[in-house]
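Participant: Sharing a structure with you now.
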Amino acid sequence: MVLLDALVRLRGAAQLVAWHVHHGLQPQADRWLAWCEREAARLRVRFGHARLGPAPTAGENLEAWARDARYAALWRAVADCGAAALLTAHHADDQVETVFMRLARGSGPEALGGMAPAEHRAGGWLLRPMLGVGRDLIDACARERGLAWIDDPMNADEAFLRATLRARVLPALAAAVPGLRENVLRSAALLRETGDALRAAAEADLAAAGLAADLRAIDRCTLAALPPFRRNEAVREWFRLLCLPMPTQARLAQWVAQMLLGGSASASVEAPPWRFRRYRDRISVERCGARDWRRDPPPPVALRWRGEAAIELPGWGGRLTVRPSTEPGAVDAAWLASQPLEVRSPPAGARLRPRRGGPSRTLKNLYQERGVAPWLRAAMPAVFAGERLVYAAGVGMDASGEPDPDGPRVRLHWRPDDPEDPRSAGFEPAAAV
């Protein structure tokens, strides 16, 4: 109420939307909603509200559920209203409680920095303009302004850690340590700076490891060569970018051992909803439950090329393009048009000659050379003319045939439609030699 009152005076009621989240956890929750709506009307501020779904079952973390669901509802409101920012009334005592809660849970420097006064989230700016103001001053302001407010009884329920800290632990510490709040706030600010520096270094290390905008793959050698603390921070940052919960120390050590330091040719670690997979020196990430191409390959497709520039292959999640070319490996266009073609999963023993005059080699060998993971090979379409392998995705054209020097020649090329498809990695250039 103090924040809303101040914003009305500073920005004007027309610039604001007051939003209430109905958690459904208290018998009087409906009365609170009605009260908030009346207060917004009194201030001539637009009002909206959201009702959360059923509370979690016994044994689940009620505080975490309420926080996550509340913010999800608030960010939806920001989007629906076209708002520039979300402002909350967190204050200095909230910050101290947050720091102690995270300290009790063994958090690292970034988390011990507490809440930031301003941060840019996916939905927009989250601002906490009262974060440096103590609860005592806020109470005094509310009384001076004649404001009314409602206290949620859950804030005094010592079944929750925050309430226990507020009621018993922090008052005892404050009595023993004068200036406790200011000292904790100063330490939190320093730790937040340290956390920002660690995150910047981790982002640079991930970029050096080849992490692109899609966040889906890195080179493990780059990270494995880092000192352990930098390596661990880079992994945590990758988890954060993927919106995964931070791993415990034990889980992090297990991930590093299997993904970065393991000596096997391949490895897999699940961190729902993602699965990390390593093949040689490349670590990629895919959704848990992603299609197992080896057990469920795309269906064969019989076709005739009639001169079109592209052939859609929806069962394969991509398109086959046919382009004029004079490069080695291009085939006679008239010959290709005369052939019944079939697109199917390539047998590992199929052979292809990647260079004119060079030896033919098995696709298994060529895919190994190009770092195509075994679980993706069945989903890399191969084009056959009868029994002759003409083209293999991820490798290129077969250069065994003799081109007609007088006729136009063409090259085939396939890529998946989805740039996040794991088969996108390691593809041959469109006009590869």
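Simple scheme: letters A, B, ... for chains in structure tokens order, numbers from 1 for residues in each chain, numbers from 1 for ligands in the order shown.
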If we count only C-alpha atoms and set the cut-off at 10 Å, which residues sit around Glu203 of chain A, ignoring sequence neighbours fewer than 5 positions away in its own chain? Please answer as a PyMOL selection string.
Facilitator: chain A and resi 197-198+208-209+211+233-235+237-238+241
Participant: Restricting the output to N, CA and C atoms, write the selected residues as a PDB file, in the first residue's frame.
Facilitator:
```
ATOM      1  N   ALA A 197      30.239 -10.810 -11.548  1.00  0.00           N
ATOM      2  CA  ALA A 197      31.544 -11.042 -12.183  1.00  0.00           C
ATOM      3  C   ALA A 197      31.725 -12.515 -12.545  1.00  0.00           C
ATOM      4  N   LEU A 198      31.299 -13.406 -11.641  1.00  0.00           N
ATOM      5  CA  LEU A 198      31.403 -14.837 -11.923  1.00  0.00           C
ATOM      6  C   LEU A 198      30.523 -15.225 -13.109  1.00  0.00           C
ATOM      7  N   ALA A 208      33.394 -19.295 -25.449  1.00  0.00           N
ATOM      8  CA  ALA A 208      34.634 -19.882 -25.975  1.00  0.00           C
ATOM      9  C   ALA A 208      34.457 -21.357 -26.292  1.00  0.00           C
ATOM     10  N   ALA A 209      33.517 -22.008 -25.578  1.00  0.00           N
ATOM     11  CA  ALA A 209      33.231 -23.424 -25.833  1.00  0.00           C
ATOM     12  C   ALA A 209      32.235 -23.613 -26.967  1.00  0.00           C
ATOM     13  N   LEU A 211      29.090 -22.180 -27.281  1.00  0.00           N
ATOM     14  CA  LEU A 211      27.665 -22.118 -26.995  1.00  0.00           C
ATOM     15  C   LEU A 211      27.056 -20.968 -27.780  1.00  0.00           C
ATOM     16  N   GLU A 233      31.416 -23.099 -12.558  1.00  0.00           N
ATOM     17  CA  GLU A 233      30.591 -21.918 -12.772  1.00  0.00           C
ATOM     18  C   GLU A 233      30.010 -21.909 -14.182  1.00  0.00           C
ATOM     19  N   ALA A 234      30.792 -22.351 -15.167  1.00  0.00           N
ATOM     20  CA  ALA A 234      30.291 -22.400 -16.545  1.00  0.00           C
ATOM     21  C   ALA A 234      29.140 -23.389 -16.662  1.00  0.00           C
ATOM     22  N   VAL A 235      29.255 -24.537 -16.003  1.00  0.00           N
ATOM     23  CA  VAL A 235      28.171 -25.521 -16.044  1.00  0.00           C
ATOM     24  C   VAL A 235      26.929 -24.958 -15.365  1.00  0.00           C
ATOM     25  N   GLU A 237      26.094 -21.881 -15.112  1.00  0.00           N
ATOM     26  CA  GLU A 237      25.522 -20.853 -15.982  1.00  0.00           C
ATOM     27  C   GLU A 237      24.749 -21.487 -17.134  1.00  0.00           C
ATOM     28  N   TRP A 238      25.238 -22.597 -17.678  1.00  0.00           N
ATOM     29  CA  TRP A 238      24.503 -23.283 -18.737  1.00  0.00           C
ATOM     30  C   TRP A 238      23.156 -23.779 -18.197  1.00  0.00           C
ATOM     31  N   LEU A 241      20.843 -20.791 -17.971  1.00  0.00           N
ATOM     32  CA  LEU A 241      20.347 -20.373 -19.278  1.00  0.00           C
ATOM     33  C   LEU A 241      19.276 -21.318 -19.810  1.00  0.00           C
TER      34      LEU A 241
END
```
Participant: So which residues of segment 351-383 of chain A fall under helix (DSSP H, G or I) by DSSP, listed as a list in words?
Facilitator: Leu363, Lys364, Asn365, Leu366, Tyr367, Gln368, Glu369, Arg370, Pro374, Trp375, Leu376 and Arg377 of chain A
Participant: Go ahead and save the picked residues with C-alpha atoms, as a PDB file, in the first residue's frame.
Facilitator:
```
ATOM      1  CA  LEU A 363      28.744 -44.000 -44.093  1.00  0.00           C
ATOM      2  CA  LYS A 364      29.502 -45.200 -40.584  1.00  0.00           C
ATOM      3  CA  ASN A 365      33.117 -44.129 -41.051  1.00  0.00           C
ATOM      4  CA  LEU A 366      32.169 -40.820 -42.650  1.00  0.00           C
ATOM      5  CA  TYR A 367      29.678 -39.995 -39.897  1.00  0.00           C
ATOM      6  CA  GLN A 368      32.257 -40.865 -37.249  1.00  0.00           C
ATOM      7  CA  GLU A 369      34.715 -38.550 -38.968  1.00  0.00           C
ATOM      8  CA  ARG A 370      32.185 -35.715 -38.989  1.00  0.00           C
ATOM      9  CA  PRO A 374      25.220 -42.641 -33.460  1.00  0.00           C
ATOM     10  CA  TRP A 375      21.676 -41.930 -32.201  1.00  0.00           C
ATOM     11  CA  LEU A 376      21.136 -39.372 -34.994  1.00  0.00           C
ATOM     12  CA  ARG A 377      22.420 -41.330 -37.987  1.00  0.00           C
TER      13      ARG A 377
END
```
Participant: Using only C-alpha atoms, which of A:Leu112, A:Ala382, A:Val410, A:Asp93 sits nearest Val322 of chain A?
Facilitator: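 So, comparing all the options, the nearest one is A:Val410.
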Participant: Find the residues near Ala217 of chain A: any atom within 9 Å, counting only C-alpha atoms, skip ones fewer than 6 places away on the same chain, and give them as number ranges by chain.
Facilitator: A: 209-211, 282-285, 422, 425
Participant: Include N, CA and C atoms and write out the residues we just selected as a PDB file, in the first residue's frame.
Facilitator:
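Below is the file that was written, part-v9.pdb:
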```
ATOM      1  N   ALA A 209      33.517 -22.008 -25.578  1.00  0.00           N
ATOM      2  CA  ALA A 209      33.231 -23.424 -25.833  1.00  0.00           C
ATOM      3  C   ALA A 209      32.235 -23.613 -26.967  1.00  0.00           C
ATOM      4  N   GLY A 210      31.830 -22.511 -27.601  1.00  0.00           N
ATOM      5  CA  GLY A 210      30.983 -22.609 -28.781  1.00  0.00           C
ATOM      6  C   GLY A 210      29.499 -22.569 -28.502  1.00  0.00           C
ATOM      7  N   LEU A 211      29.090 -22.180 -27.281  1.00  0.00           N
ATOM      8  CA  LEU A 211      27.665 -22.118 -26.995  1.00  0.00           C
ATOM      9  C   LEU A 211      27.056 -20.968 -27.780  1.00  0.00           C
ATOM     10  N   ARG A 282      31.757 -33.317 -28.134  1.00  0.00           N
ATOM     11  CA  ARG A 282      30.611 -32.424 -28.279  1.00  0.00           C
ATOM     12  C   ARG A 282      29.526 -32.818 -27.289  1.00  0.00           C
ATOM     13  N   ILE A 283      29.056 -31.858 -26.505  1.00  0.00           N
ATOM     14  CA  ILE A 283      27.943 -32.072 -25.574  1.00  0.00           C
ATOM     15  C   ILE A 283      26.741 -31.325 -26.127  1.00  0.00           C
ATOM     16  N   SER A 284      25.647 -32.031 -26.316  1.00  0.00           N
ATOM     17  CA  SER A 284      24.417 -31.418 -26.814  1.00  0.00           C
ATOM     18  C   SER A 284      23.295 -31.663 -25.825  1.00  0.00           C
ATOM     19  N   VAL A 285      22.237 -30.911 -25.981  1.00  0.00           N
ATOM     20  CA  VAL A 285      21.094 -31.030 -25.081  1.00  0.00           C
ATOM     21  C   VAL A 285      19.832 -31.177 -25.911  1.00  0.00           C
ATOM     22  N   PRO A 422      18.626 -31.363 -33.355  1.00  0.00           N
ATOM     23  CA  PRO A 422      20.025 -31.772 -33.155  1.00  0.00           C
ATOM     24  C   PRO A 422      20.704 -32.225 -34.438  1.00  0.00           C
ATOM     25  N   ALA A 425      23.369 -29.791 -36.482  1.00  0.00           N
ATOM     26  CA  ALA A 425      24.793 -29.611 -36.188  1.00  0.00           C
ATOM     27  C   ALA A 425      25.641 -30.431 -37.154  1.00  0.00           C
TER      28      ALA A 425
END
```
Participant: If we count only C-alpha atoms, what is near Val8 of chain A at a cut-off of 12 Å, once residues fewer than 6 positions away on the same chain are taken out, given as a CSV table (one decimal) with N, CA and C atoms, in the first residue's frame?
Facilitator:
```csv
chain,number,residue,atom,x,y,z
A,1,MET,N,0.8,-1.2,0.0
A,1,MET,CA,0.0,0.0,0.0
A,1,MET,C,0.9,1.3,0.0
A,2,VAL,N,2.0,1.2,0.7
A,2,VAL,CA,2.9,2.4,0.7
A,2,VAL,C,3.5,2.6,-0.7
A,14,ALA,N,-3.1,7.1,-13.8
A,14,ALA,CA,-3.4,6.7,-15.1
A,14,ALA,C,-2.2,5.8,-15.6
A,15,GLN,N,-1.0,5.9,-15.0
A,15,GLN,CA,0.1,5.2,-15.5
A,15,GLN,C,0.3,3.8,-14.9
A,16,LEU,N,-0.7,3.5,-14.0
A,16,LEU,CA,-0.5,2.3,-13.1
A,16,LEU,C,-1.6,1.3,-13.3
A,17,VAL,N,-1.2,0.0,-13.0
A,17,VAL,CA,-2.2,-1.1,-12.9
A,17,VAL,C,-1.8,-1.8,-11.6
A,18,ALA,N,-2.8,-1.9,-10.7
A,18,ALA,CA,-2.6,-2.6,-9.4
A,18,ALA,C,-3.1,-4.1,-9.7
A,40,ALA,N,-7.9,0.1,-4.9
A,40,ALA,CA,-7.5,0.6,-6.2
A,40,ALA,C,-8.5,1.6,-6.7
A,42,ARG,N,-10.4,3.5,-5.0
A,42,ARG,CA,-10.3,4.8,-4.2
A,42,ARG,C,-9.2,5.6,-4.7
A,43,LEU,N,-8.1,5.0,-5.2
A,43,LEU,CA,-6.9,5.7,-5.8
A,43,LEU,C,-7.1,6.0,-7.3
A,44,ARG,N,-8.2,5.5,-7.8
A,44,ARG,CA,-8.4,5.6,-9.3
A,44,ARG,C,-7.4,5.0,-10.1
A,45,VAL,N,-6.9,3.8,-9.6
A,45,VAL,CA,-5.9,3.0,-10.3
A,45,VAL,C,-6.6,1.8,-11.0
A,46,ARG,N,-6.3,1.5,-12.2
A,46,ARG,CA,-6.8,0.3,-12.8
A,46,ARG,C,-6.4,-0.9,-12.0
```
Participant: Can you check which residues of segment 181-326 of chain A DSSP gives as strand (DSSP E or B) on the backbone and send them as a ChimeraX atom specification?
Facilitator: /A:217-219,266-271,274-279,282-287,301-303,310-313,318-324
Participant: Near Ala6 of chain A, within 12 Å and counting only C-alpha atoms, which residues show up once chain neighbours fewer than 3 positions away are dropped, as number ranges by chain?
Facilitator: A: 1-3, 9-13, 16, 43, 87, 89, 129-130, 138, 141-142, 145, 147
Participant: Looking at only C-alpha atoms, which of A:Pro346, A:Gly396, A:Gly317, A:Gln254 is the one that sits closest to Arg423 of chain A?
Facilitator: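 When distances to Arg423 of chain A are compared using only C-alpha atoms, the smallest one comes from A:Gly317.
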Participant: Name the closest residue to Cys288 of chain A among the candidates A:Cys81, A:Ala92, A:Ala271, A:Ala212; distances are taken between atoms, counting only C-alpha atoms.
Facilitator: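 Closest candidate: A:Ala271.
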Participant: Would you mind telling me which residue in A:Ala85, A:Val184, A:Leu62, A:Ala200 lies nearest to Phe160 of chain A when using only C-alpha atoms?
Facilitator: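 Of A:Ala85, A:Val184, A:Leu62, A:Ala200, the one nearest Phe160 of chain A, counting only C-alpha atoms, is A:Leu62.
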